[in-house]
Amino acid sequence: MKQQILLLMVPVSYSIGGIPVGWIIGKLKAGIDIRKHGSQSTGATNALRILGTKSAILVLILDFLKGAIPIFCLMLIDEINSNNAILIAICGIAIIFGHNWPIFAGFKGGKGVASAVGIATVLNPLSALAAILTFLPILFITRYVSLGSILGAITAMIILVVQSISVINDYNYLYALIVGPLLVVKHHENIGRLLKGHENKFGEKLWQVCKIR
């Protein structure tokens, strides 16, 4: 019975990840579906362009917590840590799938970066720190959020894999090997625009959807 209850945590994790924070805030604040504007993502970057700074910060924080809180709660349970460590990795993957393909929003969500950093912060704080320290200089130098996100995610996942394979009963590498490439694939359009020199830079006002005060 306990094992069955633990397995229920996988769909629960997917459901938590699937809460479309950006979509909800867009509806509440501006009465719009944020996925029909800008990059058509529910993430913080698109929220910044469409809804403004305050909404973007709120989306970023809540998406981060969507990843961090469920994994943190799972890791508090001794039985999972000792006997079912693989379940933590699977739940982390489920959260990202939920965020990217939310059942509550027609399976059209974001790209999973903020939630992935939230998960990494709990699984391995060093990997999350490395992601942030990679992201910020690249953003400052190039002003490309997507490039910083991609390279930051790759850095974090490499650290997770390297450290995880040397730890007994630690399946963080499973999470990293699936989520890392997934984050890159979700940015395939950004990668295409980067290669062509057409990617949007941070701070550029490209869309004037609505004026929100």
# chains A, B, ... in the order shown; residues from 1 in each chain; ligands from 1

call {"tool": "residues_around", "arguments": {"residues": "Ala85 in chain A", "least_positions_apart": "6", "cutoff": "12 Å", "atoms": "only C-alpha atoms", "output": "list in words"}}
result
Leu6, Ile71, Leu74, Met75, Leu76, Ile77, Asp78, Glu79, Cys91, Gly92, Leu123, Ser164, Val167, Ile168, Asn169, Asp170, Tyr171, Asn172, Tyr173, Leu174 and Tyr175 of chain A

call {"tool": "residues_around", "arguments": {"residues": "Ile158 in chain A", "least_positions_apart": "6", "cutoff": "12 Å", "atoms": "only C-alpha atoms", "output": "list in words"}}
result
Ala120, Asn124, Leu126, Ser127, Ala128, Ala130, Ala131, Leu151, Gly152, Ser164, Ile165, Asn172, Tyr173, Leu174, Tyr175, Ala176, Leu177, Ile178, Val179, Gly180 and Pro181 of chain A

call {"tool": "write_last_selection", "arguments": {"atoms": "N, CA and C atoms", "output": "tab-separated table (two decimals), in the first residue's frame"}}
result
chain	number	residue	atom	x	y	z
A	120	ALA	N	16.76	21.59	-9.33
A	120	ALA	CA	18.21	21.45	-9.17
A	120	ALA	C	18.69	22.06	-7.86
A	124	ASN	N	20.72	19.45	-5.88
A	124	ASN	CA	22.15	19.74	-5.83
A	124	ASN	C	22.35	21.25	-5.95
A	126	LEU	N	24.79	23.16	-5.77
A	126	LEU	CA	25.94	23.57	-6.57
A	126	LEU	C	25.57	23.67	-8.04
A	127	SER	N	24.77	22.74	-8.53
A	127	SER	CA	24.37	22.76	-9.93
A	127	SER	C	23.50	23.98	-10.23
A	128	ALA	N	22.62	24.32	-9.31
A	128	ALA	CA	21.77	25.50	-9.50
A	128	ALA	C	22.60	26.77	-9.49
A	130	ALA	N	25.74	27.01	-10.31
A	130	ALA	CA	26.49	27.03	-11.55
A	130	ALA	C	25.63	27.52	-12.71
A	131	ALA	N	24.36	27.11	-12.72
A	131	ALA	CA	23.44	27.55	-13.77
A	131	ALA	C	23.26	29.07	-13.73
A	151	LEU	N	22.74	27.48	-21.98
A	151	LEU	CA	24.07	27.16	-21.46
A	151	LEU	C	24.04	26.95	-19.95
A	152	GLY	N	23.20	27.70	-19.26
A	152	GLY	CA	23.06	27.51	-17.83
A	152	GLY	C	22.50	26.14	-17.50
A	164	SER	N	26.41	12.87	-9.43
A	164	SER	CA	25.42	11.83	-9.11
A	164	SER	C	25.97	10.42	-9.32
A	165	ILE	N	26.76	10.23	-10.36
A	165	ILE	CA	27.21	8.87	-10.68
A	165	ILE	C	28.16	8.31	-9.62
A	172	ASN	N	20.00	11.24	-9.47
A	172	ASN	CA	19.90	12.58	-10.05
A	172	ASN	C	20.37	12.61	-11.50
A	173	TYR	N	21.29	11.73	-11.83
A	173	TYR	CA	21.79	11.69	-13.21
A	173	TYR	C	20.67	11.32	-14.18
A	174	LEU	N	19.72	10.51	-13.72
A	174	LEU	CA	18.58	10.13	-14.57
A	174	LEU	C	17.76	11.37	-14.90
A	175	TYR	N	17.52	12.18	-13.88
A	175	TYR	CA	16.80	13.44	-14.08
A	175	TYR	C	17.57	14.33	-15.06
A	176	ALA	N	18.87	14.47	-14.83
A	176	ALA	CA	19.69	15.36	-15.65
A	176	ALA	C	19.77	14.91	-17.10
A	177	LEU	N	19.91	13.61	-17.32
A	177	LEU	CA	20.07	13.10	-18.68
A	177	LEU	C	18.79	13.23	-19.51
A	178	ILE	N	17.66	13.34	-18.85
A	178	ILE	CA	16.40	13.51	-19.57
A	178	ILE	C	16.02	14.98	-19.68
A	179	VAL	N	16.09	15.68	-18.56
A	179	VAL	CA	15.65	17.08	-18.54
A	179	VAL	C	16.61	18.00	-19.29
A	180	GLY	N	17.92	17.74	-19.17
A	180	GLY	CA	18.90	18.58	-19.87
A	180	GLY	C	18.63	18.68	-21.37
A	181	PRO	N	18.63	17.55	-22.08
A	181	PRO	CA	18.33	17.62	-23.52
A	181	PRO	C	16.94	18.17	-23.81

call {"tool": "atom_distance", "arguments": {"atom1": "CA of Phe104 in chain A", "atom2": "CA of Ser13 in chain A"}}
result
13.5 Å

call {"tool": "atom_distance", "arguments": {"atom1": "CA of Lys111 in chain A", "atom2": "CA of Ile88 in chain A"}}
result
20.6 Å

call {"tool": "residues_around", "arguments": {"residues": "Thr45 in chain A", "least_positions_apart": "6", "cutoff": "9 Å", "atoms": "only C-alpha atoms", "output": "list of chain:residue names"}}
result
A:Ser39, A:Ala56, A:Leu60, A:Val145, A:Phe202

call {"tool": "write_last_selection", "arguments": {"atoms": "C-alpha atoms", "output": "PDB file, in the first residue's frame"}}
result
ATOM      1  CA  SER A  39       6.962  33.849 -27.926  1.00  0.00           C
ATOM      2  CA  ALA A  56       7.317  38.375 -14.754  1.00  0.00           C
ATOM      3  CA  LEU A  60       9.528  33.327 -12.193  1.00  0.00           C
ATOM      4  CA  VAL A 145      17.947  35.215 -22.333  1.00  0.00           C
ATOM      5  CA  PHE A 202      16.528  41.240 -23.366  1.00  0.00           C
TER       6      PHE A 202
END

call {"tool": "atom_distance", "arguments": {"atom1": "CA of Asp33 in chain A", "atom2": "CA of Thr53 in chain A"}}
result
17.3 Å

call {"tool": "residues_around", "arguments": {"residues": "Ile119 in chain A", "least_positions_apart": "3", "cutoff": "6 Å", "atoms": "only C-alpha atoms", "output": "PDB file with C-alpha atoms, in the first residue's frame"}}
result
ATOM      1  CA  GLY A  67       9.907  22.626  -8.949  1.00  0.00           C
ATOM      2  CA  ALA A  68      11.545  23.160  -5.591  1.00  0.00           C
ATOM      3  CA  ALA A 116      14.258  22.959 -13.540  1.00  0.00           C
ATOM      4  CA  VAL A 122      16.993  21.038  -3.976  1.00  0.00           C
TER       5      VAL A 122
END

call {"tool": "residues_around", "arguments": {"residues": "range 135-138 of chain A", "least_positions_apart": "4", "cutoff": "12 Å", "atoms": "only C-alpha atoms", "output": "PDB file with N, CA, C and O atoms, in the first residue's frame"}}
result
ATOM      1  N   VAL A 113      12.617  26.126 -17.666  1.00  0.00           N
ATOM      2  CA  VAL A 113      13.903  26.513 -17.083  1.00  0.00           C
ATOM      3  C   VAL A 113      13.772  26.855 -15.602  1.00  0.00           C
ATOM      4  O   VAL A 113      14.538  26.358 -14.764  1.00  0.00           O
ATOM      5  N   ALA A 114      12.825  27.719 -15.246  1.00  0.00           N
ATOM      6  CA  ALA A 114      12.688  28.138 -13.847  1.00  0.00           C
ATOM      7  C   ALA A 114      12.373  26.951 -12.941  1.00  0.00           C
ATOM      8  O   ALA A 114      12.949  26.817 -11.853  1.00  0.00           O
ATOM      9  N   VAL A 117      15.485  24.799 -12.518  1.00  0.00           N
ATOM     10  CA  VAL A 117      16.428  25.385 -11.566  1.00  0.00           C
ATOM     11  C   VAL A 117      15.935  25.171 -10.140  1.00  0.00           C
ATOM     12  O   VAL A 117      16.725  24.899  -9.225  1.00  0.00           O
ATOM     13  N   ALA A 128      22.620  24.322  -9.309  1.00  0.00           N
ATOM     14  CA  ALA A 128      21.771  25.497  -9.497  1.00  0.00           C
ATOM     15  C   ALA A 128      22.602  26.773  -9.486  1.00  0.00           C
ATOM     16  O   ALA A 128      22.389  27.680 -10.300  1.00  0.00           O
ATOM     17  N   LEU A 129      23.563  26.835  -8.572  1.00  0.00           N
ATOM     18  CA  LEU A 129      24.442  28.002  -8.512  1.00  0.00           C
ATOM     19  C   LEU A 129      25.248  28.141  -9.794  1.00  0.00           C
ATOM     20  O   LEU A 129      25.405  29.252 -10.327  1.00  0.00           O
ATOM     21  N   ALA A 130      25.736  27.014 -10.305  1.00  0.00           N
ATOM     22  CA  ALA A 130      26.494  27.035 -11.554  1.00  0.00           C
ATOM     23  C   ALA A 130      25.634  27.525 -12.713  1.00  0.00           C
ATOM     24  O   ALA A 130      26.104  28.273 -13.583  1.00  0.00           O
ATOM     25  N   ALA A 131      24.357  27.113 -12.719  1.00  0.00           N
ATOM     26  CA  ALA A 131      23.443  27.553 -13.771  1.00  0.00           C
ATOM     27  C   ALA A 131      23.258  29.068 -13.730  1.00  0.00           C
ATOM     28  O   ALA A 131      23.300  29.748 -14.765  1.00  0.00           O
ATOM     29  N   THR A 142      25.540  39.358 -23.803  1.00  0.00           N
ATOM     30  CA  THR A 142      24.852  39.202 -25.093  1.00  0.00           C
ATOM     31  C   THR A 142      23.419  39.725 -25.098  1.00  0.00           C
ATOM     32  O   THR A 142      22.869  39.995 -26.161  1.00  0.00           O
ATOM     33  N   ARG A 143      22.816  39.809 -23.905  1.00  0.00           N
ATOM     34  CA  ARG A 143      21.406  40.179 -23.738  1.00  0.00           C
ATOM     35  C   ARG A 143      20.462  39.132 -24.336  1.00  0.00           C
ATOM     36  O   ARG A 143      19.303  39.412 -24.591  1.00  0.00           O
ATOM     37  N   TYR A 144      20.963  37.923 -24.530  1.00  0.00           N
ATOM     38  CA  TYR A 144      20.122  36.833 -25.009  1.00  0.00           C
ATOM     39  C   TYR A 144      19.710  35.957 -23.823  1.00  0.00           C
ATOM     40  O   TYR A 144      20.523  35.201 -23.278  1.00  0.00           O
ATOM     41  N   VAL A 145      18.448  36.046 -23.427  1.00  0.00           N
ATOM     42  CA  VAL A 145      17.947  35.215 -22.333  1.00  0.00           C
ATOM     43  C   VAL A 145      18.022  33.743 -22.711  1.00  0.00           C
ATOM     44  O   VAL A 145      18.399  32.892 -21.898  1.00  0.00           O
ATOM     45  N   SER A 146      17.653  33.436 -23.945  1.00  0.00           N
ATOM     46  CA  SER A 146      17.620  32.043 -24.387  1.00  0.00           C
ATOM     47  C   SER A 146      19.001  31.405 -24.354  1.00  0.00           C
ATOM     48  O   SER A 146      19.168  30.275 -23.893  1.00  0.00           O
ATOM     49  N   LEU A 147      20.026  32.134 -24.807  1.00  0.00           N
ATOM     50  CA  LEU A 147      21.389  31.587 -24.809  1.00  0.00           C
ATOM     51  C   LEU A 147      21.861  31.336 -23.384  1.00  0.00           C
ATOM     52  O   LEU A 147      22.448  30.284 -23.090  1.00  0.00           O
ATOM     53  N   GLY A 148      21.601  32.278 -22.498  1.00  0.00           N
ATOM     54  CA  GLY A 148      21.972  32.085 -21.105  1.00  0.00           C
ATOM     55  C   GLY A 148      21.245  30.911 -20.475  1.00  0.00           C
ATOM     56  O   GLY A 148      21.833  30.135 -19.715  1.00  0.00           O
ATOM     57  N   SER A 149      19.963  30.768 -20.811  1.00  0.00           N
ATOM     58  CA  SER A 149      19.167  29.670 -20.262  1.00  0.00           C
ATOM     59  C   SER A 149      19.678  28.317 -20.746  1.00  0.00           C
ATOM     60  O   SER A 149      19.808  27.370 -19.961  1.00  0.00           O
ATOM     61  N   ILE A 150      19.974  28.227 -22.030  1.00  0.00           N
ATOM     62  CA  ILE A 150      20.447  26.966 -22.610  1.00  0.00           C
ATOM     63  C   ILE A 150      21.789  26.556 -21.992  1.00  0.00           C
ATOM     64  O   ILE A 150      21.955  25.423 -21.530  1.00  0.00           O
ATOM     65  N   LEU A 151      22.740  27.482 -21.979  1.00  0.00           N
ATOM     66  CA  LEU A 151      24.073  27.160 -21.462  1.00  0.00           C
ATOM     67  C   LEU A 151      24.043  26.952 -19.953  1.00  0.00           C
ATOM     68  O   LEU A 151      24.766  26.106 -19.419  1.00  0.00           O
ATOM     69  N   GLY A 152      23.202  27.696 -19.262  1.00  0.00           N
ATOM     70  CA  GLY A 152      23.057  27.506 -17.828  1.00  0.00           C
ATOM     71  C   GLY A 152      22.496  26.137 -17.501  1.00  0.00           C
ATOM     72  O   GLY A 152      22.970  25.453 -16.586  1.00  0.00           O
ATOM     73  N   ALA A 153      21.481  25.716 -18.267  1.00  0.00           N
ATOM     74  CA  ALA A 153      20.880  24.401 -18.053  1.00  0.00           C
ATOM     75  C   ALA A 153      21.876  23.286 -18.331  1.00  0.00           C
ATOM     76  O   ALA A 153      21.971  22.314 -17.574  1.00  0.00           O
ATOM     77  N   ILE A 154      22.644  23.430 -19.410  1.00  0.00           N
ATOM     78  CA  ILE A 154      23.637  22.416 -19.754  1.00  0.00           C
ATOM     79  C   ILE A 154      24.687  22.307 -18.645  1.00  0.00           C
ATOM     80  O   ILE A 154      25.067  21.203 -18.230  1.00  0.00           O
ATOM     81  N   THR A 155      25.140  23.449 -18.137  1.00  0.00           N
ATOM     82  CA  THR A 155      26.128  23.458 -17.055  1.00  0.00           C
ATOM     83  C   THR A 155      25.601  22.739 -15.820  1.00  0.00           C
ATOM     84  O   THR A 155      26.291  21.904 -15.213  1.00  0.00           O
ATOM     85  N   ALA A 156      24.357  23.066 -15.439  1.00  0.00           N
ATOM     86  CA  ALA A 156      23.760  22.452 -14.252  1.00  0.00           C
ATOM     87  C   ALA A 156      23.634  20.947 -14.410  1.00  0.00           C
ATOM     88  O   ALA A 156      23.930  20.170 -13.489  1.00  0.00           O
ATOM     89  N   LYS A 201      16.531  40.269 -28.079  1.00  0.00           N
ATOM     90  CA  LYS A 201      17.422  40.577 -26.969  1.00  0.00           C
ATOM     91  C   LYS A 201      16.637  41.090 -25.766  1.00  0.00           C
ATOM     92  O   LYS A 201      15.580  41.700 -25.922  1.00  0.00           O
ATOM     93  N   PHE A 202      17.163  40.816 -24.606  1.00  0.00           N
ATOM     94  CA  PHE A 202      16.528  41.240 -23.366  1.00  0.00           C
ATOM     95  C   PHE A 202      16.389  42.757 -23.335  1.00  0.00           C
ATOM     96  O   PHE A 202      17.331  43.493 -23.598  1.00  0.00           O
TER      97      PHE A 202
END

call {"tool": "select_by_dssp", "arguments": {"residues": "range 27-174 of chain A", "states": "alpha helix (DSSP H)", "output": "NGL selection string"}}
result
:A and (27-30 or 44-51 or 53-75 or 78-83 or 85-100 or 113-123 or 125-142 or 145-164 or 172-174)

call {"tool": "closest_residue", "arguments": {"among": "A:His198, A:His37, A:Lys66, A:His99", "to": "Arg49 in chain A", "atoms": "only C-alpha atoms"}}
result
A:His37

call {"tool": "residues_around", "arguments": {"residues": "Gly110 in chain A", "least_positions_apart": "3", "cutoff": "7 Å", "atoms": "only C-alpha atoms", "output": "MDAnalysis selection string"}}
result
chainID A and resid 41:43 99:100

call {"tool": "closest_residue", "arguments": {"among": "A:Asn190, A:Asn84, A:Asn46, A:Asn200", "to": "Val59 in chain A", "atoms": "only C-alpha atoms"}}
result
A:Asn46

call {"tool": "closest_residue", "arguments": {"among": "A:Ala94, A:Met157, A:Leu133, A:Ile24", "to": "Ala47 in chain A", "atoms": "only C-alpha atoms"}}
result
A:Ile24

call {"tool": "decode", "arguments": {"residues": "range 63-112 of chain A", "atoms": "C-alpha atoms", "output": "mmCIF file, in the first residue's frame"}}
result
data_model
loop_
_atom_site.group_PDB
_atom_site.id
_atom_site.type_symbol
_atom_site.label_atom_id
_atom_site.label_comp_id
_atom_site.auth_asym_id
_atom_site.auth_seq_id
_atom_site.Cartn_x
_atom_site.Cartn_y
_atom_site.Cartn_z
ATOM 1 C CA ASP A 63 7.535 28.467 -11.500
ATOM 2 C CA PHE A 64 10.717 28.049 -9.428
ATOM 3 C CA LEU A 65 8.685 26.977 -6.387
ATOM 4 C CA LYS A 66 6.668 24.525 -8.514
ATOM 5 C CA GLY A 67 9.907 22.626 -8.949
ATOM 6 C CA ALA A 68 11.545 23.160 -5.591
ATOM 7 C CA ILE A 69 8.724 22.538 -3.105
ATOM 8 C CA PRO A 70 7.513 19.097 -4.295
ATOM 9 C CA ILE A 71 11.061 17.717 -4.500
ATOM 10 C CA PHE A 72 11.957 19.202 -1.123
ATOM 11 C CA CYS A 73 8.907 17.529 0.443
ATOM 12 C CA LEU A 74 9.803 14.213 -1.173
ATOM 13 C CA MET A 75 13.349 14.358 0.130
ATOM 14 C CA LEU A 76 12.050 14.843 3.678
ATOM 15 C CA ILE A 77 10.558 11.365 3.564
ATOM 16 C CA ASP A 78 13.215 8.919 4.785
ATOM 17 C CA GLU A 79 11.666 5.962 3.025
ATOM 18 C CA ILE A 80 12.068 7.627 -0.349
ATOM 19 C CA ASN A 81 15.624 8.719 0.360
ATOM 20 C CA SER A 82 16.733 5.246 1.405
ATOM 21 C CA ASN A 83 14.747 2.896 -0.803
ATOM 22 C CA ASN A 84 13.171 4.862 -3.612
ATOM 23 C CA ALA A 85 15.654 7.551 -4.572
ATOM 24 C CA ILE A 86 14.783 6.939 -8.206
ATOM 25 C CA LEU A 87 11.275 8.190 -7.459
ATOM 26 C CA ILE A 88 12.628 11.644 -6.683
ATOM 27 C CA ALA A 89 14.286 11.823 -10.100
ATOM 28 C CA ILE A 90 11.129 10.585 -11.825
ATOM 29 C CA CYS A 91 8.995 13.143 -9.983
ATOM 30 C CA GLY A 92 11.411 15.867 -11.054
ATOM 31 C CA ILE A 93 11.011 14.767 -14.657
ATOM 32 C CA ALA A 94 7.219 14.693 -14.203
ATOM 33 C CA ILE A 95 7.224 18.287 -12.955
ATOM 34 C CA ILE A 96 9.074 19.470 -16.058
ATOM 35 C CA PHE A 97 6.757 17.518 -18.355
ATOM 36 C CA GLY A 98 3.805 19.039 -16.523
ATOM 37 C CA HIS A 99 5.184 22.538 -16.933
ATOM 38 C CA ASN A 100 5.991 22.099 -20.616
ATOM 39 C CA TRP A 101 2.842 20.159 -21.500
ATOM 40 C CA PRO A 102 0.207 21.072 -18.865
ATOM 41 C CA ILE A 103 -2.997 19.075 -18.969
ATOM 42 C CA PHE A 104 -4.800 22.094 -17.500
ATOM 43 C CA ALA A 105 -3.872 24.343 -20.431
ATOM 44 C CA GLY A 106 -4.200 22.208 -23.531
ATOM 45 C CA PHE A 107 -0.683 20.747 -23.192
ATOM 46 C CA LYS A 108 0.867 24.056 -24.219
ATOM 47 C CA GLY A 109 3.070 25.561 -21.515
ATOM 48 C CA GLY A 110 6.555 26.935 -21.053
ATOM 49 C CA LYS A 111 10.110 25.735 -21.523
ATOM 50 C CA GLY A 112 10.785 24.538 -17.985
#
